[in-house]
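Data from model-v3.csv: CSV, C-alpha atoms
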chain,number,residue,atom,x,y,z
K,1,MET,CA,77.5,42.6,34.3
K,2,SER,CA,76.3,46.2,34.5
K,3,GLU,CA,73.0,47.3,33.0
K,4,ILE,CA,72.8,49.1,29.6
K,5,PRO,CA,72.0,52.8,30.2
K,6,ILE,CA,68.4,53.5,29.2
K,7,ASP,CA,69.5,56.4,26.9
K,8,LEU,CA,71.9,54.1,25.0
K,9,PHE,CA,69.2,51.5,24.6
K,10,MET,CA,66.5,53.9,23.5
K,11,PHE,CA,68.6,56.2,21.2
K,12,GLU,CA,71.3,53.8,19.8
K,13,ILE,CA,70.1,50.2,20.0
K,14,LEU,CA,66.4,50.4,19.2
K,15,PRO,CA,66.8,52.7,16.2
K,16,ASN,CA,69.1,50.1,14.6
K,17,LEU,CA,66.5,47.3,14.8
K,18,THR,CA,64.2,46.5,12.0
K,19,ALA,CA,60.8,48.2,11.9
K,20,ARG,CA,59.1,44.9,12.7
K,21,ASP,CA,61.3,44.3,15.8
K,22,VAL,CA,60.5,47.8,17.0
K,23,GLY,CA,56.9,46.9,16.8
K,24,ARG,CA,57.5,44.0,19.2
K,25,TYR,CA,59.2,46.2,21.7
K,26,LYS,CA,56.1,48.4,21.8
K,27,LEU,CA,54.5,45.6,23.7
K,28,VAL,CA,56.9,45.8,26.6
K,29,CYS,CA,55.1,48.6,28.5
K,30,LYS,CA,53.0,51.8,27.9
K,31,GLU,CA,56.0,54.1,28.3
K,32,TRP,CA,58.0,52.3,25.6
K,33,CYS,CA,55.0,52.1,23.3
K,34,SER,CA,54.4,55.8,23.7
K,35,PHE,CA,58.1,56.7,22.9
K,36,LEU,CA,58.4,54.3,20.0
K,37,SER,CA,55.2,55.7,18.5
K,38,THR,CA,56.5,59.3,18.3
K,39,ILE,CA,57.4,61.0,15.1
K,40,PHE,CA,60.8,61.8,16.8
K,41,PHE,CA,61.6,58.1,17.0
K,42,ALA,CA,60.3,57.4,13.5
K,43,ARG,CA,62.6,59.9,12.1
K,44,LEU,CA,65.5,58.7,14.1
K,45,HIS,CA,64.8,55.2,12.9
K,46,SER,CA,64.5,56.3,9.3
K,47,CYS,CA,68.0,57.8,9.5
K,48,LYS,CA,69.4,54.4,10.3
K,49,MET,CA,67.5,52.6,7.6
K,50,PRO,CA,69.0,49.2,6.5
K,51,SER,CA,71.6,49.2,3.8
K,52,LEU,CA,70.7,48.5,0.1
K,53,THR,CA,71.3,44.8,0.6
K,54,LYS,CA,68.4,44.8,3.0
K,55,MET,CA,66.1,46.5,0.7
K,56,GLN,CA,63.5,44.8,-1.6
K,57,PHE,CA,61.1,45.5,-4.4
K,58,VAL,CA,57.4,46.1,-3.6
K,59,LEU,CA,55.1,45.0,-6.4
K,60,LEU,CA,51.4,45.2,-7.2
K,61,THR,CA,50.3,41.9,-8.6
K,62,VAL,CA,46.9,41.0,-10.0
K,63,GLY,CA,44.6,38.1,-9.5
K,64,ILE,CA,45.2,37.6,-5.7
K,65,HIS,CA,43.4,38.6,-2.6
K,66,ARG,CA,46.3,40.5,-1.2
K,67,PRO,CA,47.8,42.4,-4.2
K,68,LEU,CA,50.8,43.9,-2.6
K,69,ARG,CA,53.9,41.7,-2.5
K,70,THR,CA,57.6,42.1,-1.8
K,71,LEU,CA,60.5,40.6,-3.7
K,72,SER,CA,63.5,40.0,-1.4
K,73,TYR,CA,66.9,39.5,-2.8
K,74,GLY,CA,69.8,37.8,-0.9
K,75,SER,CA,73.0,36.0,-1.7
K,76,ALA,CA,71.3,32.7,-1.7
K,77,ASN,CA,67.8,33.0,-3.2
K,78,ILE,CA,65.0,35.3,-4.2
K,79,SER,CA,61.7,35.1,-2.3
K,80,LEU,CA,58.3,36.5,-3.1
K,81,THR,CA,56.0,37.1,-0.2
K,82,GLU,CA,52.6,38.6,0.4
K,83,ILE,CA,52.0,41.5,2.8
K,84,VAL,CA,49.1,43.5,4.0
K,85,LYS,CA,45.8,44.2,2.4
K,86,VAL,CA,45.2,47.6,0.9
K,87,PRO,CA,43.5,49.8,3.5
K,88,PHE,CA,41.6,52.0,1.0
K,89,LYS,CA,38.8,51.1,-1.3
K,90,THR,CA,40.0,50.5,-4.9
K,91,ARG,CA,40.8,47.8,-7.4
K,92,VAL,CA,44.4,46.7,-7.8
K,93,GLU,CA,44.4,47.5,-11.6
K,94,TYR,CA,43.7,51.1,-10.7
K,95,MET,CA,46.7,51.4,-8.4
K,96,MET,CA,50.1,52.7,-9.5
K,97,ILE,CA,53.2,53.0,-7.3
K,98,LEU,CA,54.9,56.2,-8.3
K,99,GLY,CA,57.8,56.1,-5.8
K,100,SER,CA,58.9,55.3,-2.3
K,101,LEU,CA,60.9,56.9,0.5
K,102,HIS,CA,61.6,55.7,4.0
K,103,GLY,CA,59.1,52.9,3.9
K,104,MET,CA,56.3,55.1,2.5
K,105,LEU,CA,54.8,54.6,-1.0
K,106,CYS,CA,53.3,57.3,-3.2
K,107,VAL,CA,50.3,55.7,-4.9
K,108,CYS,CA,48.1,57.0,-7.7
K,109,LEU,CA,44.5,55.7,-8.2
K,110,SER,CA,44.2,56.0,-12.0
K,111,ASN,CA,40.4,55.8,-12.0
K,112,THR,CA,40.1,58.9,-9.8
K,113,CYS,CA,43.5,60.5,-10.3
K,114,GLN,CA,43.9,60.7,-6.5
K,115,LEU,CA,47.4,60.7,-4.9
K,116,LEU,CA,48.0,58.9,-1.6
K,117,ILE,CA,50.9,58.3,0.7
K,118,TRP,CA,50.8,54.9,2.4
K,119,ASN,CA,53.0,52.9,4.7
K,120,PRO,CA,52.3,49.2,4.0
K,121,LEU,CA,53.9,48.0,7.2
K,122,THR,CA,51.7,50.1,9.6
K,123,ASN,CA,48.9,50.4,7.0
K,124,ALA,CA,48.6,54.1,7.7
K,125,TYR,CA,47.8,56.2,4.7
K,126,ARG,CA,46.7,59.7,3.8
K,127,ASN,CA,44.8,61.0,0.7
K,128,LEU,CA,46.5,64.1,-0.6
K,129,SER,CA,43.8,65.1,-3.1
K,130,ILE,CA,41.8,68.2,-2.4
K,131,PRO,CA,38.7,68.5,-4.7
K,132,LYS,CA,39.1,71.0,-7.5
K,133,LYS,CA,42.5,72.1,-6.2
K,134,TYR,CA,45.6,69.9,-5.6
K,135,GLY,CA,46.8,66.3,-5.6
K,136,PHE,CA,45.3,64.8,-8.7
K,137,PHE,CA,47.7,62.9,-10.9
K,138,LYS,CA,47.2,62.3,-14.6
K,139,VAL,CA,49.0,59.2,-15.9
K,140,ASN,CA,51.3,59.9,-18.9
K,141,PHE,CA,51.1,63.7,-18.2
K,142,ASP,CA,52.3,64.4,-14.6
K,143,ALA,CA,55.3,63.4,-12.6
K,144,VAL,CA,56.1,63.2,-8.9
K,145,GLY,CA,59.2,63.0,-6.7
K,146,PHE,CA,59.5,62.0,-3.0
K,147,TYR,CA,62.2,63.8,-0.9
K,148,VAL,CA,63.3,65.1,2.5
K,149,ASP,CA,64.5,68.7,2.9
K,150,TYR,CA,67.1,70.1,5.3
K,151,LEU,CA,64.4,70.5,8.0
K,152,LYS,CA,63.7,66.7,7.8
K,153,ASP,CA,60.3,67.4,6.4
K,154,HIS,CA,59.1,64.6,4.0
K,155,LYS,CA,57.7,66.2,0.9
K,156,LEU,CA,56.2,65.3,-2.5
K,157,LEU,CA,56.9,67.3,-5.6
K,158,HIS,CA,54.1,67.2,-8.2
K,159,VAL,CA,54.8,68.4,-11.8
K,160,VAL,CA,51.4,69.1,-13.4
K,161,PHE,CA,50.7,69.5,-17.1
K,162,ARG,CA,47.2,71.0,-17.9
K,163,ARG,CA,46.2,72.6,-21.2
K,164,ASN,CA,49.7,73.4,-22.3
K,165,ASN,CA,50.6,74.9,-18.9
K,166,GLN,CA,53.1,73.5,-16.5
K,167,SER,CA,52.7,74.0,-12.7
K,168,ILE,CA,54.7,72.8,-9.7
K,169,TYR,CA,53.2,71.9,-6.4
K,170,ILE,CA,54.8,70.7,-3.1
K,171,TYR,CA,53.1,68.7,-0.4
K,172,SER,CA,54.5,68.9,3.1
K,173,MET,CA,53.9,66.0,5.5
K,174,GLU,CA,54.8,68.4,8.4
K,175,SER,CA,52.1,71.0,7.6
K,176,GLN,CA,49.9,68.5,5.7
K,177,CYS,CA,49.1,71.0,3.0
K,178,TRP,CA,50.0,71.9,-0.7
K,179,ARG,CA,51.6,75.0,-2.0
K,180,GLN,CA,52.6,76.2,-5.5
K,181,ILE,CA,56.2,77.3,-6.4
K,182,LYS,CA,57.6,79.2,-9.3
K,183,PHE,CA,58.6,77.3,-12.3
K,184,VAL,CA,61.2,78.6,-14.7
K,185,LYS,CA,60.3,77.4,-18.2
K,186,ASP,CA,63.3,78.6,-20.2
K,187,PHE,CA,64.9,75.2,-20.6
K,188,ILE,CA,61.7,73.1,-20.6
K,189,LEU,CA,60.5,71.6,-23.9
K,190,ASP,CA,57.3,73.1,-25.4
K,191,ASP,CA,56.4,70.0,-27.2
K,192,GLN,CA,53.0,68.7,-26.0
K,193,THR,CA,54.1,65.0,-26.5
K,194,ILE,CA,56.8,65.2,-23.8
K,195,GLN,CA,56.7,63.1,-20.6
K,196,TRP,CA,58.6,63.4,-17.3
K,197,SER,CA,59.9,60.4,-15.5
K,198,CYS,CA,59.2,60.1,-11.8
K,199,GLY,CA,61.9,61.7,-9.7
K,200,THR,CA,65.1,60.0,-8.6
K,201,LEU,CA,66.4,61.3,-5.2
K,202,CYS,CA,70.1,61.6,-4.9
K,203,CYS,CA,71.6,63.6,-2.0
K,204,ASP,CA,69.9,67.0,-2.1
K,205,GLY,CA,68.5,66.8,-5.6
K,206,LEU,CA,65.5,65.2,-7.4
K,207,TYR,CA,66.4,64.2,-11.0
K,208,PHE,CA,64.0,63.7,-13.9
K,209,THR,CA,64.4,62.6,-17.4
K,210,VAL,CA,62.2,64.4,-19.9
K,211,GLY,CA,61.5,63.0,-23.3
K,212,SER,CA,59.0,61.8,-25.9
K,213,CYS,CA,55.9,59.9,-24.6
K,214,TRP,CA,55.8,57.9,-27.8
K,215,ASP,CA,59.2,56.2,-27.9
K,216,TYR,CA,60.7,57.1,-24.5
K,217,ASN,CA,63.7,58.8,-26.1
K,218,VAL,CA,65.3,61.2,-23.6
K,219,ALA,CA,65.7,64.8,-24.5
K,220,LEU,CA,66.6,66.5,-21.2
K,221,ILE,CA,67.7,65.8,-17.7
K,222,VAL,CA,66.3,68.2,-15.0
K,223,ARG,CA,67.5,68.6,-11.4
K,224,PHE,CA,65.3,70.0,-8.6
K,225,ASP,CA,67.2,71.3,-5.6
K,226,VAL,CA,65.2,70.1,-2.6
K,227,ASN,CA,66.4,72.8,-0.3
K,228,LEU,CA,66.5,75.8,-2.6
K,229,GLU,CA,63.4,74.7,-4.6
K,230,THR,CA,65.0,75.6,-7.9
K,231,PHE,CA,65.3,73.7,-11.3
K,232,THR,CA,68.4,73.4,-13.3
K,233,LYS,CA,69.4,71.5,-16.5
K,234,VAL,CA,71.9,68.7,-16.2
K,235,SER,CA,74.3,68.0,-19.0
K,236,PHE,CA,74.2,64.8,-21.0
K,237,PRO,CA,77.2,62.4,-20.8
K,238,PHE,CA,77.2,62.4,-24.6
K,239,ASP,CA,76.0,64.4,-27.6
K,240,GLU,CA,72.5,65.5,-26.6
K,241,TYR,CA,71.3,65.5,-30.2
K,242,GLU,CA,72.0,61.9,-30.6
K,243,VAL,CA,68.8,60.1,-31.4
K,244,ASN,CA,67.2,56.8,-30.5
K,245,PHE,CA,68.4,56.2,-26.9
K,246,ARG,CA,66.5,55.6,-23.8
K,247,GLY,CA,67.7,56.2,-20.3
K,248,SER,CA,66.9,55.7,-16.6
K,249,LEU,CA,68.4,57.5,-13.6
K,250,VAL,CA,69.2,55.4,-10.5
K,251,ASN,CA,70.7,56.2,-7.2
K,252,VAL,CA,73.6,53.8,-6.4
K,253,SER,CA,75.1,54.4,-2.9
K,254,ASP,CA,74.2,58.1,-3.0
K,255,GLU,CA,75.7,58.6,-6.5
K,256,LEU,CA,73.6,59.4,-9.5
K,257,HIS,CA,73.9,56.8,-12.4
K,258,PHE,CA,72.5,57.0,-15.9
K,259,PHE,CA,71.5,53.6,-17.4
K,260,VAL,CA,71.4,54.2,-21.2
K,261,LEU,CA,70.2,51.9,-24.0
K,262,ARG,CA,70.8,52.8,-27.6
K,263,GLY,CA,69.5,51.3,-30.8
K,264,ALA,CA,66.2,49.6,-31.8
K,265,PHE,CA,67.3,46.0,-32.4
K,266,ASP,CA,71.0,45.5,-31.6
K,267,VAL,CA,71.0,47.3,-28.3
K,268,SER,CA,74.1,48.7,-26.6
K,269,VAL,CA,74.2,49.4,-22.9
K,270,ASP,CA,76.2,52.2,-21.2
K,271,LEU,CA,76.3,53.0,-17.5
K,272,TRP,CA,77.4,56.5,-16.5
K,273,LYS,CA,78.1,58.0,-13.0
K,274,LEU,CA,77.8,61.7,-12.2
K,275,LYS,CA,80.9,63.1,-10.5
K,276,GLY,CA,80.5,66.8,-9.7
K,277,GLU,CA,79.3,68.2,-13.0
K,278,GLU,CA,80.9,65.5,-15.2
K,279,TRP,CA,79.7,62.1,-16.3
K,280,ILE,CA,82.1,59.1,-16.1
K,281,ARG,CA,81.4,56.0,-18.1
K,282,ILE,CA,81.9,52.9,-15.8
K,283,LEU,CA,80.5,50.3,-18.1
K,284,SER,CA,79.9,49.7,-21.8
K,285,VAL,CA,78.3,46.6,-23.3
K,286,PRO,CA,78.0,46.9,-27.1
K,287,ASP,CA,75.5,45.4,-29.5
K,288,ILE,CA,73.4,43.0,-27.4
K,289,ASP,CA,70.8,41.4,-29.7
K,290,CYS,CA,69.0,39.4,-27.0
K,291,ILE,CA,67.9,42.0,-24.4
K,292,PRO,CA,64.2,41.3,-23.7
K,293,LEU,CA,61.8,44.1,-24.8
K,294,PRO,CA,60.6,45.1,-21.3
K,295,ILE,CA,64.2,46.0,-20.2
K,296,LYS,CA,64.1,48.9,-22.6
K,297,CYS,CA,61.7,50.7,-20.3
K,298,PHE,CA,62.5,52.6,-17.1
K,299,VAL,CA,64.8,50.8,-14.7
K,300,ARG,CA,64.7,50.6,-10.9
K,301,TYR,CA,67.6,49.1,-9.0
K,302,ILE,CA,68.8,47.0,-6.1
K,303,GLY,CA,72.6,46.4,-5.8
K,304,LEU,CA,74.4,43.4,-4.4
K,305,SER,CA,78.2,43.4,-5.0
K,306,LYS,CA,78.7,43.3,-8.8
K,307,LYS,CA,75.2,42.2,-9.6
K,308,TRP,CA,72.1,44.3,-9.9
K,309,LEU,CA,68.4,43.6,-9.9
K,310,LEU,CA,66.6,45.7,-12.5
K,311,MET,CA,62.9,46.1,-12.5
K,312,THR,CA,61.0,47.6,-15.5
K,313,ASP,CA,57.7,49.5,-15.4
K,314,TYR,CA,56.0,46.3,-16.3
K,315,GLY,CA,57.1,44.6,-13.1
K,316,ASP,CA,59.6,42.3,-14.8
K,317,VAL,CA,62.7,41.7,-12.8
K,318,TYR,CA,66.1,40.9,-14.3
K,319,GLU,CA,69.6,40.3,-12.9
K,320,PHE,CA,72.3,42.4,-14.5
K,321,ASP,CA,75.8,41.0,-13.9
K,322,LEU,CA,78.6,43.6,-14.4
K,323,GLU,CA,81.3,41.0,-14.6
K,324,VAL,CA,80.2,38.5,-17.2
K,325,ARG,CA,80.5,38.6,-21.0
K,326,LYS,CA,78.0,40.7,-22.9
K,327,VAL,CA,75.6,38.0,-24.1
K,328,ASP,CA,75.1,36.7,-20.5
K,329,ASN,CA,74.5,40.1,-18.8
K,330,PHE,CA,70.7,39.8,-18.4
K,331,PHE,CA,68.9,37.0,-16.5
K,332,PRO,CA,65.2,36.9,-15.8
K,333,VAL,CA,64.6,36.2,-12.1
K,334,ALA,CA,60.9,36.9,-11.6
K,335,ASN,CA,58.5,35.8,-14.3
K,336,PHE,CA,55.0,37.0,-13.2
K,337,TYR,CA,52.7,39.8,-14.2
K,338,ALA,CA,52.9,42.9,-12.0
K,339,LEU,CA,52.0,46.5,-12.2
K,340,LYS,CA,54.4,49.2,-11.3
K,341,GLY,CA,56.5,48.8,-8.2
K,342,ALA,CA,59.3,50.5,-6.3
K,343,VAL,CA,62.5,49.8,-4.3
K,344,TYR,CA,61.3,49.7,-0.7
K,345,SER,CA,62.5,49.2,2.9
K,346,GLU,CA,60.1,48.9,5.9
K,347,SER,CA,60.0,51.8,8.3
K,348,LEU,CA,57.8,53.3,11.0
K,349,MET,CA,57.2,56.7,9.2
K,350,SER,CA,53.6,57.7,9.1
K,351,PRO,CA,51.9,59.8,6.4
K,352,ASN,CA,49.8,61.3,9.2
K,353,VAL,CA,52.4,63.3,11.1
Would you write the structure of this file as structure tokens?
Amino acid sequence: MSEIPIDLFMFEILPNLTARDVGRYKLVCKEWCSFLSTIFFARLHSCKMPSLTKMQFVLLTVGIHRPLRTLSYGSANISLTEIVKVPFKTRVEYMMILGSLHGMLCVCLSNTCQLLIWNPLTNAYRNLSIPKKYGFFKVNFDAVGFYVDYLKDHKLLHVVFRRNNQSIYIYSMESQCWRQIKFVKDFILDDQTIQWSCGTLCCDGLYFTVGSCWDYNVALIVRFDVNLETFTKVSFPFDEYEVNFRGSLVNVSDELHFFVLRGAFDVSVDLWKLKGEEWIRILSVPDIDCIPLPIKCFVRYIGLSKKWLLMTDYGDVYEFDLEVRKVDNFFPVANFYALKGAVYSESLMSPNV
């Protein structure tokens, strides 16, 4: 049997292994360790990230020595495991996970307002905060979004609200610096009680819902083009003046979906998909009177066939079955207290390029 060409092994086989398996191959020899530790290989590996069925939730839990845990979801069972210790000095109740991309988490320390990017697998992290300048996140006021531009540069968009002014800053992992961009305010609400969601990356756009910080009702959907660095307004799938609805944007197989809940007590659920510039309703579940309260908050998603896992901002996890009758749609699957989490997949990407 002929040997596998080294180029095929290095550029086709190794990038398709899990991040943990790649770590084992670093032990083969110094040359392999050097190549597998390069940013080139990390980016090559991130382009071949596992499918959504291999992804998991990463959660911050309180009352344990190692506060970061992962919730894995397979066809047979759901498992909750502990992972690494937090490498920076803080208390778990001060940590908030604002988003994730290619195995890296954007974390806010609420007591200092500092922003960090952290890879829990490698335990590498970078503090993005520059005193009296950039990288300070105010909970309930600011918003962030993780993305990759056409140059394969991982970036963080920071929407800042200070003293009735709105500013936009972008952090580049390639240059490891912040810069400010122009922000067109013509379609942005002037109400001081508004709140932006964290960004949902879908193809070449970061999408945000904008609404009231008191009742989470959505008033606007905003798209940020990650290549042109411009903002545009996205139309609603229904009458935008309709009141008393909450919504979350989720990326399902690189298609933007809008998960909408209407009503205060008898809650109806609609699931919309954006096709071009038009929304298509793919699911409607009317008048559910038994949806647990936490599900009415922002939703994150992992898909498996016709079933979804939905995680709220409280860390509660529910299974949402698209094929059963309406009263049986929601099933609690993880009943423990957790702070904010994110959908996550292990990678070798480092915040310290």
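Excluding K:Thr232 itself and any same-chain residue fewer than 2 positions from it, the protein and nucleic acid residues within 8 Å of it, counting all atoms listed in the file, are Val222, Arg223, Phe224, Thr230 and Val234 of chain K.
The nearest approach to K:Ser100 among the residues K:Ala342, K:Val269, K:Leu256, K:Leu27, with only C-alpha atoms taken into account, belongs to K:Ala342.
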task: Point out the residue among K:Arg126, K:Arg91, K:Lys132, K:Arg43 with the least atom-to-atom distance to K:Tyr171, counting only C-alpha atoms.
output: K:Arg126
statement: Among K:Ile170, K:Leu151, K:Leu44, K:Ile280, K:Leu128 is approached most closely, using only C-alpha atoms, by K:Ile170
query: Which one is closest to K:Gly99: K:Val58, K:Val260, K:Val252, K:Cys113? Count only C-alpha atoms.
result: K:Val58
